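What follows is the content of target_38.cif, which has mmCIF, C-alpha atoms:
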```cif
data_upload
#
loop_
_atom_site.label_atom_id
_atom_site.label_comp_id
_atom_site.auth_asym_id
_atom_site.auth_seq_id
_atom_site.Cartn_x
_atom_site.Cartn_y
_atom_site.Cartn_z
CA MET A 1 4.96 2.90 -22.29
CA GLU A 2 2.54 5.55 -21.15
CA PRO A 3 3.42 6.99 -17.80
CA GLY A 4 1.11 9.45 -16.18
CA ALA A 5 -1.75 7.10 -16.64
CA GLY A 6 -2.39 6.75 -12.95
CA LEU A 7 -3.78 3.56 -11.60
CA ALA A 8 -7.07 3.92 -13.36
CA ARG A 9 -5.56 2.89 -16.68
CA THR A 10 -3.82 -0.33 -17.39
CA PRO A 11 -0.79 0.20 -19.60
CA ASN A 12 0.79 -3.19 -20.14
CA GLY A 13 -1.70 -4.74 -17.77
CA ARG A 14 -0.65 -2.54 -14.88
CA GLY A 15 -3.07 -1.02 -12.42
CA ALA A 16 -6.81 -1.44 -12.67
CA VAL A 17 -9.87 -0.20 -10.85
CA SER A 18 -9.04 2.55 -8.40
CA ASP A 19 -9.36 6.25 -7.68
CA GLY A 20 -12.07 5.91 -5.06
CA THR A 21 -14.75 4.16 -7.08
CA ASN A 22 -17.76 2.87 -5.16
CA VAL A 23 -16.52 -0.68 -5.69
CA GLU A 24 -13.20 0.20 -4.10
CA ARG A 25 -14.86 1.99 -1.18
CA GLU A 26 -17.02 -1.05 -0.57
CA LEU A 27 -13.93 -3.29 -0.66
CA ILE A 28 -12.23 -1.07 1.91
CA ARG A 29 -15.32 -1.07 4.15
CA ARG A 30 -15.42 -4.87 3.96
CA LEU A 31 -11.71 -5.14 4.68
CA LYS A 32 -12.22 -2.98 7.76
CA ARG A 33 -14.72 -5.59 8.94
CA GLY A 34 -12.05 -8.28 8.44
CA ASP A 35 -13.33 -9.72 5.15
CA GLY A 36 -10.38 -11.42 3.45
CA ALA A 37 -12.20 -11.65 0.10
CA ALA A 38 -12.17 -7.85 -0.05
CA ALA A 39 -8.37 -7.93 0.18
CA ALA A 40 -8.35 -10.18 -2.89
CA GLY A 41 -10.20 -7.48 -4.84
CA LEU A 42 -7.71 -4.83 -3.80
CA VAL A 43 -4.74 -7.10 -4.63
CA THR A 44 -6.22 -7.57 -8.10
CA SER A 45 -6.66 -3.82 -8.55
CA TYR A 46 -3.31 -2.61 -7.26
CA GLY A 47 -1.09 -5.71 -7.18
CA GLU A 48 0.68 -5.37 -10.52
CA ALA A 49 1.58 -1.70 -10.13
CA LEU A 50 2.61 -2.23 -6.52
CA LEU A 51 4.82 -5.20 -7.30
CA ARG A 52 6.52 -3.36 -10.18
CA TYR A 53 7.21 -0.45 -7.87
CA LEU A 54 8.63 -2.69 -5.14
CA THR A 55 10.78 -4.64 -7.62
CA ALA A 56 12.26 -1.41 -8.93
CA ILE A 57 12.97 -0.16 -5.40
CA VAL A 58 14.47 -3.27 -3.79
CA GLY A 59 16.16 -4.52 -6.97
CA ASN A 60 15.19 -8.19 -7.02
CA ARG A 61 11.97 -10.07 -7.37
CA SER A 62 12.27 -12.34 -4.40
CA ASP A 63 12.67 -9.45 -1.92
CA ALA A 64 9.99 -7.51 -3.76
CA GLU A 65 7.52 -10.36 -3.30
CA ASP A 66 8.34 -10.52 0.42
CA ALA A 67 7.82 -6.77 0.73
CA PHE A 68 4.62 -7.11 -1.30
CA GLN A 69 3.15 -9.65 1.13
CA GLU A 70 4.26 -7.63 4.15
CA THR A 71 2.65 -4.55 2.63
CA TRP A 72 -0.74 -6.26 2.51
CA VAL A 73 -0.34 -7.56 6.06
CA ARG A 74 0.43 -4.02 7.19
CA VAL A 75 -2.57 -2.72 5.22
CA ILE A 76 -4.83 -5.12 7.14
CA ASP A 77 -3.33 -4.01 10.45
CA ARG A 78 -3.77 -0.32 9.65
CA ILE A 79 -6.89 -0.23 7.50
CA ALA A 80 -9.00 0.80 10.52
CA SER A 81 -7.12 4.10 10.66
CA PHE A 82 -7.51 4.75 6.92
CA ASP A 83 -9.82 7.69 6.17
CA ASP A 84 -12.44 6.54 3.63
CA GLY A 85 -12.66 10.04 2.21
CA LEU A 86 -9.07 9.90 0.93
CA PRO A 87 -7.83 8.01 -2.14
CA PHE A 88 -6.59 4.54 -1.28
CA GLY A 89 -3.77 4.30 -3.87
CA PRO A 90 -1.33 6.86 -2.40
CA TRP A 91 -1.95 5.49 1.10
CA LEU A 92 -1.22 1.95 -0.09
CA PHE A 93 1.97 3.05 -1.86
CA ARG A 94 3.11 4.85 1.30
CA VAL A 95 2.69 1.62 3.26
CA ALA A 96 4.64 -0.23 0.53
CA ARG A 97 7.30 2.48 0.52
CA ASN A 98 7.86 2.03 4.26
CA GLN A 99 8.15 -1.73 3.78
CA ALA A 100 10.63 -1.32 0.93
CA PHE A 101 12.83 1.12 2.82
CA ASP A 102 12.72 -1.06 5.95
CA LEU A 103 13.92 -3.95 3.82
CA LEU A 104 16.73 -1.87 2.33
CA ARG A 105 17.78 -0.71 5.81
CA ARG A 106 17.85 -4.30 7.09
CA ARG A 107 19.87 -5.33 4.04
CA ARG A 108 22.41 -2.55 4.61
CA LEU A 109 22.68 -3.56 8.26
CA ARG A 110 23.26 -7.20 7.28
CA THR A 111 25.96 -6.14 4.85
CA TRP A 112 27.55 -3.90 7.48
CA LEU A 113 27.54 -6.77 9.96
CA GLY A 114 29.39 -8.89 7.43
CA GLY A 115 26.53 -10.93 6.03
CA SER A 116 25.79 -11.56 2.38
CA ARG A 117 26.21 -8.63 0.04
CA ASP A 118 22.87 -9.15 -1.64
CA ASP A 119 22.44 -5.41 -2.09
CA ASP A 120 24.81 -5.77 -5.00
CA THR A 121 22.31 -7.95 -6.79
CA PRO A 122 21.84 -6.25 -10.12
CA GLY A 123 18.26 -5.82 -11.14
CA PRO A 124 15.31 -8.19 -11.05
CA GLU A 125 15.94 -11.91 -10.96
CA PRO A 126 14.76 -14.21 -13.70
CA SER A 127 11.59 -16.11 -13.07
CA ALA A 128 9.62 -18.84 -14.77
CA CYS A 129 7.87 -16.09 -16.68
CA ASP A 130 11.07 -14.64 -18.11
CA ARG A 131 10.84 -16.53 -21.32
CA HIS A 132 12.56 -13.88 -23.43
CA PRO A 133 16.24 -13.51 -22.62
CA GLU A 134 16.45 -10.13 -24.37
CA GLU A 135 13.66 -8.77 -22.24
CA LEU A 136 15.30 -10.17 -19.14
CA MET A 137 18.66 -8.61 -20.01
CA ALA A 138 17.01 -5.29 -20.75
CA ARG A 139 15.16 -5.35 -17.46
CA GLN A 140 18.32 -6.32 -15.60
CA LEU A 141 20.06 -3.37 -17.18
CA ALA A 142 17.24 -1.07 -16.08
CA GLY A 143 17.42 -2.53 -12.58
CA ARG A 144 21.21 -2.13 -12.46
CA LEU A 145 20.91 1.48 -13.54
CA LEU A 146 18.28 2.20 -10.91
CA GLN A 147 20.52 0.74 -8.23
CA THR A 148 23.22 3.27 -9.14
CA MET A 149 20.87 6.15 -8.35
CA ASN A 150 20.04 7.59 -4.96
CA ALA A 151 16.95 6.33 -3.14
CA THR A 152 14.79 9.38 -3.87
CA GLN A 153 15.48 9.35 -7.59
CA ARG A 154 15.02 5.60 -7.79
CA GLU A 155 11.71 5.83 -6.00
CA LEU A 156 10.39 8.61 -8.22
CA LEU A 157 11.27 6.74 -11.40
CA ALA A 158 9.73 3.57 -9.99
CA LEU A 159 6.51 5.35 -9.07
CA ARG A 160 6.27 7.01 -12.46
CA PHE A 161 7.50 4.35 -14.86
CA ALA A 162 7.15 1.03 -13.05
CA ALA A 163 3.88 1.72 -11.21
CA GLY A 164 2.50 4.26 -13.69
CA LEU A 165 1.30 6.76 -11.09
CA SER A 166 0.29 10.31 -12.06
CA TYR A 167 2.18 13.36 -10.75
CA GLU A 168 -0.64 14.00 -8.27
CA GLU A 169 -0.47 10.46 -6.94
CA ILE A 170 3.33 10.59 -6.64
CA ALA A 171 3.04 13.91 -4.81
CA ALA A 172 0.56 12.31 -2.39
CA VAL A 173 2.80 9.28 -1.82
CA CYS A 174 5.95 11.35 -1.24
CA ARG A 175 4.12 14.24 0.48
CA VAL A 176 5.93 16.75 -1.69
CA PRO A 177 4.42 19.46 -3.98
CA ILE A 178 3.78 18.48 -7.61
CA GLY A 179 6.27 21.07 -8.93
CA THR A 180 9.02 19.54 -6.82
CA ILE A 181 8.10 16.07 -8.09
CA LYS A 182 8.36 17.23 -11.71
CA SER A 183 11.74 18.89 -11.26
CA ARG A 184 13.08 15.89 -9.32
CA LEU A 185 11.87 13.56 -12.06
CA HIS A 186 13.69 15.62 -14.68
CA ARG A 187 16.88 15.47 -12.60
CA ALA A 188 16.45 11.71 -12.10
CA LEU A 189 16.03 11.14 -15.84
CA ASP A 190 19.12 13.20 -16.53
CA THR A 191 21.11 11.10 -14.03
CA LEU A 192 19.76 7.90 -15.56
CA ALA A 193 20.62 8.89 -19.13
CA THR A 194 24.15 9.83 -18.09
CA ALA A 195 24.60 6.61 -16.08
CA ASN A 196 23.31 4.49 -18.96
CA ARG A 197 25.70 6.08 -21.46
CA ARG A 198 28.59 5.65 -19.02
CA LEU A 199 27.67 2.00 -18.50
CA GLU A 200 27.43 1.37 -22.22
CA ARG A 201 30.79 3.01 -22.90
CA ARG A 202 32.34 0.80 -20.24
CA THR A 203 30.87 -2.38 -21.72
CA THR A 204 31.75 -1.58 -25.36
CA MET B 1 24.85 23.80 -26.71
CA ASN B 2 21.67 25.66 -25.85
CA ASP B 3 19.80 23.66 -28.51
CA CYS B 4 21.07 20.45 -26.95
CA HIS B 5 19.95 21.60 -23.50
CA GLU B 6 16.48 22.40 -24.84
CA ALA B 7 16.30 19.16 -26.83
CA GLN B 8 17.25 17.03 -23.85
CA ARG B 9 14.72 18.82 -21.65
CA GLU B 10 12.04 18.16 -24.27
CA LEU B 11 13.08 14.49 -24.50
CA ARG B 12 12.66 14.11 -20.73
CA ALA B 13 9.32 15.95 -20.72
CA ALA B 14 8.02 13.79 -23.59
CA LEU B 15 9.06 10.62 -21.81
CA LEU B 16 7.43 11.75 -18.56
CA ASP B 17 4.20 12.73 -20.29
CA GLY B 18 4.13 9.62 -22.50
CA ARG B 19 4.06 11.56 -25.78
CA GLN B 20 6.21 12.07 -28.86
CA ALA B 21 8.93 14.71 -28.67
CA ALA B 22 8.24 17.97 -30.51
CA ALA B 23 9.06 18.11 -34.23
CA GLY B 24 11.87 20.64 -33.63
CA THR B 25 13.56 18.24 -31.23
CA ILE B 26 13.26 15.35 -33.66
CA GLY B 27 14.89 17.56 -36.31
CA HIS B 28 17.70 18.46 -33.91
CA LEU B 29 18.26 14.78 -33.04
CA ALA B 30 18.84 13.91 -36.70
CA SER B 31 21.98 16.03 -36.74
CA CYS B 32 23.21 15.84 -33.13
CA LEU B 33 25.09 12.75 -31.97
CA ALA B 34 25.22 13.88 -28.32
CA CYS B 35 21.44 14.16 -28.13
CA GLN B 36 20.96 10.85 -29.94
CA ASP B 37 23.22 9.36 -27.33
CA TYR B 38 21.19 11.04 -24.59
CA ARG B 39 17.93 9.68 -25.96
CA HIS B 40 19.44 6.24 -26.13
CA GLY B 41 20.40 6.64 -22.45
CA LEU B 42 16.76 7.26 -21.56
CA ASP B 43 15.64 4.11 -23.37
CA ALA B 44 16.54 1.95 -20.36
CA LEU B 45 13.37 3.21 -18.68
CA HIS B 46 11.18 1.45 -21.22
CA ASN B 47 12.44 -1.81 -19.79
CA LEU B 48 11.05 -1.01 -16.36
CA ALA B 49 7.57 -1.32 -17.77
CA ALA B 50 8.22 -4.60 -19.53
CA THR B 51 5.11 -6.17 -20.96
CA GLU B 52 5.27 -9.37 -18.93
CA PRO B 53 3.14 -9.17 -15.75
CA LEU B 54 4.95 -9.60 -12.42
CA LEU B 55 1.83 -10.45 -10.43
CA THR B 56 1.62 -14.05 -11.55
CA SER B 57 -1.16 -16.32 -10.31
CA GLU B 58 1.39 -17.98 -8.01
CA VAL B 59 2.43 -14.68 -6.39
CA ARG B 60 -1.22 -13.73 -6.05
CA ARG B 61 -2.08 -17.08 -4.49
CA ARG B 62 0.79 -16.85 -1.97
CA THR B 63 -0.16 -13.29 -1.06
CA LEU B 64 -3.82 -14.16 -0.51
CA ALA B 65 -2.81 -17.17 1.60
CA ARG B 66 -0.63 -14.89 3.74
CA ILE B 67 -3.52 -12.42 4.10
CA THR B 68 -5.94 -15.18 5.12
CA GLU B 69 -3.46 -16.56 7.64
CA HIS B 70 -2.89 -13.09 9.09
CA LEU B 71 -6.62 -12.38 9.37
CA ALA B 72 -7.17 -15.74 11.10
CA ARG B 73 -4.36 -15.00 13.57
CA ARG B 74 -5.81 -11.56 14.27
CA ARG B 75 -9.27 -13.06 14.86
CA GLY B 76 -7.74 -15.65 17.20
CA ALA B 77 -5.91 -12.95 19.12
CA GLY B 78 -9.11 -10.88 19.25
CA VAL B 79 -11.12 -13.74 20.75
CA ALA B 80 -8.34 -14.54 23.21
CA ILE B 81 -8.51 -10.98 24.53
CA ALA B 82 -12.22 -10.25 24.10
CA VAL B 83 -13.66 -13.31 25.87
CA PRO B 84 -11.80 -12.92 29.20
CA LEU B 85 -12.35 -9.17 29.04
CA ALA B 86 -16.11 -9.61 28.50
CA ALA B 87 -16.32 -12.19 31.29
CA PHE B 88 -14.45 -9.88 33.62
CA SER B 89 -16.70 -6.90 32.75
CA VAL B 90 -19.93 -8.86 33.27
CA THR B 91 -18.70 -10.29 36.54
CA LEU B 92 -17.60 -6.90 37.79
CA SER B 93 -20.80 -5.14 36.74
CA LEU B 94 -22.93 -7.74 38.57
CA LEU B 95 -20.77 -8.46 41.58
CA LEU B 96 -19.80 -4.93 42.53
CA PRO B 97 -23.41 -3.63 43.01
CA LEU B 98 -24.29 -6.90 44.74
CA TRP B 99 -21.41 -6.56 47.15
CA LEU B 100 -22.19 -2.89 47.84
CA LEU B 101 -25.89 -3.57 48.44
CA PHE B 102 -25.12 -6.55 50.63
CA HIS B 103 -22.84 -4.47 52.87
CA THR B 104 -25.44 -1.68 53.00
CA LEU B 105 -28.33 -3.99 53.89
CA HIS B 106 -26.52 -6.33 56.28
CA PRO B 107 -26.17 -3.89 59.22
CA ALA B 108 -29.84 -2.92 58.80
CA VAL B 109 -31.43 -6.40 58.59
CA GLY B 110 -28.85 -8.24 60.76
CA SER B 111 -28.98 -11.48 58.75
CA ARG B 112 -26.48 -12.37 56.02
CA LEU B 113 -29.07 -14.49 54.17
CA LEU B 114 -31.72 -11.73 54.15
CA ALA B 115 -29.10 -9.13 53.09
CA ALA B 116 -27.93 -11.34 50.21
CA ALA B 117 -31.52 -12.06 49.10
CA GLY B 118 -32.46 -8.38 49.38
CA ALA B 119 -29.40 -7.32 47.36
CA ALA B 120 -30.17 -9.91 44.66
CA ALA B 121 -33.83 -8.85 44.57
CA LEU B 122 -32.93 -5.16 44.27
CA ILE B 123 -30.50 -5.86 41.43
CA GLY B 124 -33.13 -7.99 39.70
CA LEU B 125 -35.70 -5.19 40.09
CA ALA B 126 -33.23 -2.64 38.77
CA GLY B 127 -32.54 -4.88 35.75
CA LEU B 128 -36.28 -5.34 35.15
CA ALA B 129 -36.94 -1.60 35.45
CA SER B 130 -34.16 -0.80 32.94
CA GLY B 131 -35.56 -3.42 30.54
CA VAL B 132 -39.06 -1.96 30.72
CA TRP B 133 -37.72 1.57 30.32
CA TRP B 134 -35.65 0.52 27.27
CA LEU B 135 -38.70 -1.15 25.66
CA LEU B 136 -40.87 1.92 26.22
CA GLU B 137 -38.16 4.23 24.94
CA THR B 138 -37.62 2.14 21.78
CA ARG B 139 -41.35 2.06 21.13
CA SER B 140 -41.78 5.81 21.52
CA ASN B 141 -38.81 6.38 19.16
CA GLU B 142 -40.35 4.05 16.59
CA ASP B 143 -43.68 5.87 16.90
CA ALA B 144 -41.91 9.19 16.35
CA ALA B 145 -40.08 7.78 13.33
CA THR B 146 -43.19 6.31 11.71
CA ALA B 147 -45.10 9.53 12.44
CA SER B 148 -42.52 11.44 10.41
CA TRP B 149 -43.22 9.23 7.36
CA ARG B 150 -46.85 10.30 7.24
#
```
Kindly transcribe the structure held in the file into structure tokens.
Amino acid sequence: MEPGAGLARTPNGRGAVSDGTNVERELIRRLKRGDGAAAAGLVTSYGEALLRYLTAIVGNRSDAEDAFQETWVRVIDRIASFDDGLPFGPWLFRVARNQAFDLLRRRRLRTWLGGSRDDDTPGPEPSACDRHPEELMARQLAGRLLQTMNATQRELLALRFAAGLSYEEIAAVCRVPIGTIKSRLHRALDTLATANRRLERRTT
Amino acid sequence: MNDCHEAQRELRAALLDGRQAAAGTIGHLASCLACQDYRHGLDALHNLAATEPLLTSEVRRRTLARITEHLARRRGAGVAIAVPLAAFSVTLSLLLPLWLLFHTLHPAVGSRLLAAAGAAALIGLAGLASGVWWLLETRSNEDAATASWR
């Protein structure tokens, strides 16, 4: 795993073209004119990183896919107000972040009102692609650990390790200075390591 | 204890930067069970970036279908608003001057028919004059533009 790659690199097939290339600018211009094919290009570029981020935040794949679709719908609604001079990635992740946190708020409300307690769902759900049970169990463990952390820490780890964003991009998404991002990431990793050891001791 | 603190900080930094931990830290790990345990605790993060892609062709297809549907709905809503609005604007921009001219001319000429014809003729003339002015203006701009090429 190589975090810090930003979206321009594709560790494990994540991310792709980005960082304000001419191709991306053209896609955004076309999307502003209502060209759906341009959205396909952007989904290809950012989809994998975005979906990994959302899955890590909301904790299961089904909700993450809903949030993913809603993110793109919101992007279409708001693309007219997007400033072409700014990088698209952080803006997109901010839209996704709002969708994810809306979903978590709705879920908490449902739980509070006595509905299903699906916020206890541990980690990503298996899918047709989860052919390797070990990988699935490992990912479920990672998801369960993330769910034990607070929202800020979970989000930072998701942006860095699931989406593969650079410090600068994370700072732009969270609107926080880079130094703060680094120190919060260190604290989040410390919490995660402690939680993982505690979990392992409990299971052994 | 201080060594452990330093080693764990280095383990986190290495993980964040996607690099190997420093040789000193690796040496410390060989003899420190607490730090080995700590490193093992960080391993869970590797699983977040599992190799298998999440954006399957099915997810992509569903997302693009949702986008297309949303764009179509937006276009439909745009037409539903834009057409009546355009019709209203055109009607207003033609009828209001006509009505004003008619009520200005009618007391002077005394006949409703003549006032209506006069108002229509004046609006027609005004439209013609603006058309001619626009053509002349466009032409002079084009001349100025082509002159600057020479």
Counting all atoms listed in the file, which residues have an atom no more than 12 Å from (-6.5, -10.0, 13.2) in the file's coordinates? Please list them as an NGL selection string.
(:A and (31-36 or 73-80)) or (:B and (67-81))
Residues of chain B were defined as contacting chain A if any atom lay at most 8 Å from it, counting all atoms listed in the file; please report them as JSON, numbers by chain.
{"B": [9, 12, 13, 15, 16, 17, 18, 19, 37, 38, 39, 40, 41, 42, 44, 45, 46, 47, 48, 49, 50, 51, 52, 53, 54, 55, 59, 60, 63, 64, 66, 67, 68, 70, 71]}
Point-to-point distance from CA of Trp99 (chain B) to CA of Ala120 (chain B), Å rounded to tenths:
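CA of Ala120 (chain B) lies 9.7 Å from CA of Trp99 (chain B).
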Which distance in Å separates CA of Arg112 (chain B) and CA of Leu128 (chain B), to one decimal?
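Taking CA of Arg112 (chain B) as the start and CA of Leu128 (chain B) as the end point, the length is 24.1 Å.
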One decimal, Å: what's the distance from CA of Arg94 (chain A) over to CA of Val23 (chain A), could you say?
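Between CA of Arg94 (chain A) and CA of Val23 (chain A) the gap works out to 21.6 Å.
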Size and centre in Å, one decimal, axis-aligned box, all listed region 185-203 of chain A atoms plus 3 Å per side, as JSON:
```
{"center_x": 22.1, "center_y": 6.6, "center_z": -17.5, "size_x": 26.5, "size_y": 24.0, "size_z": 16.8}
```
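The shell of residues at most 10 Å from Arg97 (chain A), with only C-alpha atoms counted and near chain neighbours (fewer than 5 positions) removed, consists of Leu50, Tyr53, Leu54, Ile57, Ala67, Thr71, Trp91, Leu92, Asp102, Leu103, Glu155, Val173 and Cys174 of chain A.
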Could you list, as an mmCIF file with C-alpha atoms, in the frame of the given file, every residue matched by the PyMOL selection byres ((chain B and resi 116) around 9) in this structure?
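Output (selection-v6.cif):
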```
data_model
loop_
_atom_site.group_PDB
_atom_site.id
_atom_site.type_symbol
_atom_site.label_atom_id
_atom_site.label_comp_id
_atom_site.auth_asym_id
_atom_site.auth_seq_id
_atom_site.Cartn_x
_atom_site.Cartn_y
_atom_site.Cartn_z
ATOM 1 C CA LEU B 98 -24.290 -6.900 44.740
ATOM 2 C CA TRP B 99 -21.410 -6.560 47.150
ATOM 3 C CA LEU B 101 -25.890 -3.570 48.440
ATOM 4 C CA PHE B 102 -25.120 -6.550 50.630
ATOM 5 C CA HIS B 103 -22.840 -4.470 52.870
ATOM 6 C CA LEU B 105 -28.330 -3.990 53.890
ATOM 7 C CA HIS B 106 -26.520 -6.330 56.280
ATOM 8 C CA SER B 111 -28.980 -11.480 58.750
ATOM 9 C CA ARG B 112 -26.480 -12.370 56.020
ATOM 10 C CA LEU B 113 -29.070 -14.490 54.170
ATOM 11 C CA LEU B 114 -31.720 -11.730 54.150
ATOM 12 C CA ALA B 115 -29.100 -9.130 53.090
ATOM 13 C CA ALA B 117 -31.520 -12.060 49.100
ATOM 14 C CA GLY B 118 -32.460 -8.380 49.380
ATOM 15 C CA ALA B 119 -29.400 -7.320 47.360
ATOM 16 C CA ALA B 120 -30.170 -9.910 44.660
ATOM 17 C CA ALA B 121 -33.830 -8.850 44.570
#
```
